[in-house]
Structures are given as C-alpha cells and as structure tokens.
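Asker: Take a look at this one; I'll ask things after.
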Amino acid sequence: MMRTVRAGWGTYTLLGLFSVVSLFPLLWTAVAASRTSTRLASAPPPFRFGRNLPRNLGIAWSEGGLGEALVNTTLVASAVAAGTVLFSTLAGFAFARLRFRFRGTLLLLVGATMLIPPQLGVVPLYLLIARLRWTDELQAVVLPALVSAFGVFFMRQHLQRALPPELLEAARVDGAGTARVVWHLVFPAARPAMAVLGTLSFVAAWNDFFWPVLVLTQAGNPTVQVALTGLGRGHVPDQSVVMAGALLGTLPLLVVLALFGRHIVGGVMRGAVKG
C-alpha cells in the first residue's frame, strides 16, 4: 500500500524557484520581442514589456516566411515522431521478446551507434541526399531521423516490464500470429512509452537546426529553424524582430507540451513504479 507524502513549504519554495528560472528565458524572449533593437542594446536591458510586440511579430512573420516554415516544421516533426514511435516499438518488441540469432550482437551494434557523433556522418549522408536529388526537399530531413537508437532501447526496456512472456505464450496458444500479437498486445502495452517517445521526438525534430540548415534553404522548403536564420542577416540585424520570430517558433511547442505533457509524466512514473 502506497503512503501519501505531503510536501512542505520548503518543497513548494524550491519548485517555485526552479519554475521561475526555467521560465525566465521564455519571458525574456517575449520582453525582447516587444521592444526595439536600440532599447535592447542599452544598459541596463529592459525587463518590462514594451508596445512593439504586434509590429515585430508581423515583420518576423512576413520577412521570415514563418507561415510556410511552421507548416513544414509541423509536417516534418509529426512524420519523424510517428516513424520513430512505430519503428522503435517494433524493434523494441523484437529485442525484448523475440528469439533470433545474433540478437545480442545486433542490440550491441544499435547501442554503439549512440556513441558515434552525428557530425561524422554528415558528409556521406549529404552526398546520398544530393545523389537522390532531395536537397531542398522535406524528405531529406524526415527519412534520416525515422530510426532512433535511443527509441529502440527505450521501448525495449519498457516492453520487458509491461509485456510478460506468459501473455505472449497464451496468445500463441490461441493461434494469434505476429501481426495480431503486435496490434492487440504490443501496441496497447507500449502506449504510455509511445506517448513519451512521440512527444520527445516531436520536440527534438522541431528544434533540429544542424541538418536542416545544410539540406534546406530559406527560399526552398524551410523549417522554422532555417527560416529564423534569415531574420538575423544584414549589417545591423534587428534583434527584436529575431526574438519575435523565435517566440513565434516556440509557441507551437508550448501547445504540444501543454496537451501531451501529462503523458510524459504518466509514462515516466509508470516506468518508475514496479508492479
């Protein structure tokens, strides 16, 4: 039987302090987006909202082409999250409950890929994308990110706890094939972890900058991160407009986290509690 522990004033004070520190960058971005570039360069910097927020948001939206960029980034992040969840769940189930030759070796190789810096594979990957003529195409960003070694390990660890082997044996005795086992047993058991992995993959794909800025251009099919680079160009960039663009690019993530944040907490807590 679990015992309820009540938090004291010290806990609430510490949590409040952490919340203020965590929210300060977002608050400062909003304040900077409401000021002028001249005021931001002055000392001390402003800490109160100004009157230029609507104007700066409009300039960032039009000059940066953020409307198209937001649509592109939503498509890319959604496709990456869906692919990562699907393939990681299937591979995690295979490593967790299926018996096949070289399973341990293959799992070790998958884990070894996490030790390789992603920058080492940029040149051959770019050459492959160029040979396929996918530069400035969204699939150049989506396809390399559909498989995640972390996702495979994450789903494997979850399914080892959430999917007892006795349940699989009972389904086999009843005549269920692999497809039915995956659809009726694996996916329901993996749903909490799938929600966590999907949300984290969506956020990571949304914030990805290094690879998209190499294969996409602002004039082609830009993502939000690529489009924001166009706002900082010029001899004297308007930093308030740049901050306004960053604020516009952050708002959809806040909506996603507000809608699915409880799934992350629920999935983590379910994985942390045995039984």
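A note on labels: chains of the structure tokens are A, B, ... as shown, every chain counts residues from 1, and ligands are counted from 1 in their shown order.
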Using only C-alpha atoms, what table do you get, as JSON lines, when you list each residue of stretch 18-71 of chain A with an atom no more than 10 Å from stretch 250-260 of chain A, its nearest pair of atoms, and their distance in Å rounded to one decimal, rows by chain then rising number?
Answerer:
{"residue": "A:Leu26", "atom": "CA", "partner": "A:Thr250", "partner_atom": "CA", "distance": 8.7}
{"residue": "A:Thr29", "atom": "CA", "partner": "A:Thr250", "partner_atom": "CA", "distance": 10.0}
{"residue": "A:Leu70", "atom": "CA", "partner": "A:Pro252", "partner_atom": "CA", "distance": 8.6}
Asker: Next, the residues of the selection above should be written as a compact mmCIF listing (two decimals), in the first residue's frame with N, CA and C atoms.
Answerer:
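The result, stored in part.txt:
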# COMPACT_ATOMS: atom_id res chain seq x y z
N LEU A 26 12.03 32.20 -21.66
CA LEU A 26 10.84 32.46 -22.46
C LEU A 26 10.28 33.84 -22.18
N THR A 29 12.48 36.40 -23.86
CA THR A 29 12.24 36.42 -25.30
C THR A 29 11.01 37.26 -25.63
N LEU A 70 6.29 27.14 -40.49
CA LEU A 70 5.56 26.44 -39.44
C LEU A 70 4.85 25.21 -39.97
Asker: Figure out the distance between atom CA of A:Leu247 and atom CA of A:Phe210, please, to one decimal in Å.
Answerer: 19.7 Å
Asker: Just checking: using only C-alpha atoms, which residue out of A:Ala149, A:Ala77, A:Ser34, A:Gly245 ends up closest to A:Leu108?
Answerer: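 Between A:Ala149, A:Ala77, A:Ser34, A:Gly245, the residue approaching A:Leu108 most closely is A:Ala149.
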Asker: Using only C-alpha atoms, pick whichever of A:Val21, A:Leu40, A:Leu53, A:Leu75 has the shortest atom-to-atom distance to A:Ala205.
Answerer: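 Among the listed residues, A:Leu75 lies closest to A:Ala205.
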Asker: Between A:Leu106, A:Ala81, A:Met114, A:Leu90, which is the closest to A:Leu185 once you count only C-alpha atoms?
Answerer: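 Distance minimum relative to A:Leu185 lands on A:Leu90.
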Asker: With only C-alpha atoms as the atoms that count, which of A:Gly175, A:Pro188, A:Pro25, A:Gly16 lies nearest to A:Phe47?
Answerer: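 Distance minimum relative to A:Phe47 lands on A:Pro25.
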Asker: Please list as a list in words every residue within 7 Å of stretch 227-230 of chain A, counting only C-alpha atoms and excluding residues in the same chain fewer than 6 positions away.
Answerer: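 Result of the neighbour search: Gly64, Gly65, Leu66, Ala69, Gln218 and Gly245 of chain A.
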Asker: Would you mind exporting the chosen residues as a PDB file, in the first residue's frame, restricted to all heavy atoms?
Answerer:
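The resulting file, part36.pdb, is reproduced below:
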ATOM      1  N   GLY A  64      10.332  36.571 -42.580  1.00  0.00           N
ATOM      2  CA  GLY A  64      10.902  35.240 -42.403  1.00  0.00           C
ATOM      3  C   GLY A  64      10.125  34.131 -43.072  1.00  0.00           C
ATOM      4  O   GLY A  64      10.594  32.987 -43.089  1.00  0.00           O
ATOM      5  N   GLY A  65       8.952  34.441 -43.621  1.00  0.00           N
ATOM      6  CA  GLY A  65       8.135  33.385 -44.221  1.00  0.00           C
ATOM      7  C   GLY A  65       7.770  32.308 -43.218  1.00  0.00           C
ATOM      8  O   GLY A  65       7.787  31.109 -43.530  1.00  0.00           O
ATOM      9  N   LEU A  66       7.418  32.733 -42.004  1.00  0.00           N
ATOM     10  CA  LEU A  66       7.180  31.766 -40.933  1.00  0.00           C
ATOM     11  C   LEU A  66       5.897  30.975 -41.123  1.00  0.00           C
ATOM     12  O   LEU A  66       5.756  29.906 -40.520  1.00  0.00           O
ATOM     13  CB  LEU A  66       7.162  32.493 -39.588  1.00  0.00           C
ATOM     14  CG  LEU A  66       8.508  33.045 -39.120  1.00  0.00           C
ATOM     15  CD1 LEU A  66       8.370  33.710 -37.762  1.00  0.00           C
ATOM     16  CD2 LEU A  66       9.553  31.947 -39.062  1.00  0.00           C
ATOM     17  N   ALA A  69       7.045  28.056 -43.059  1.00  0.00           N
ATOM     18  CA  ALA A  69       8.006  27.330 -42.231  1.00  0.00           C
ATOM     19  C   ALA A  69       7.317  26.559 -41.114  1.00  0.00           C
ATOM     20  O   ALA A  69       7.703  25.427 -40.798  1.00  0.00           O
ATOM     21  CB  ALA A  69       9.025  28.305 -41.644  1.00  0.00           C
ATOM     22  N   GLN A 218      16.301  28.827 -47.205  1.00  0.00           N
ATOM     23  CA  GLN A 218      15.159  29.681 -46.871  1.00  0.00           C
ATOM     24  C   GLN A 218      14.243  29.880 -48.068  1.00  0.00           C
ATOM     25  O   GLN A 218      13.041  30.075 -47.922  1.00  0.00           O
ATOM     26  CB  GLN A 218      15.654  31.034 -46.362  1.00  0.00           C
ATOM     27  CG  GLN A 218      14.543  31.885 -45.765  1.00  0.00           C
ATOM     28  CD  GLN A 218      15.050  33.225 -45.310  1.00  0.00           C
ATOM     29  OE1 GLN A 218      16.167  33.590 -45.591  1.00  0.00           O
ATOM     30  NE2 GLN A 218      14.213  33.963 -44.604  1.00  0.00           N
ATOM     31  N   GLY A 245      10.527  36.356 -33.977  1.00  0.00           N
ATOM     32  CA  GLY A 245      10.475  35.116 -34.743  1.00  0.00           C
ATOM     33  C   GLY A 245      10.714  33.898 -33.882  1.00  0.00           C
ATOM     34  O   GLY A 245      10.046  32.862 -34.046  1.00  0.00           O
TER      35      GLY A 245
END
Asker: Rank nothing, just name the residue among A:Leu107, A:Leu214, A:Leu163, A:Leu115 nearest to A:Ala130, using only C-alpha atoms.
Answerer: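 Counting only C-alpha atoms, the residue closest to A:Ala130 is A:Leu214.
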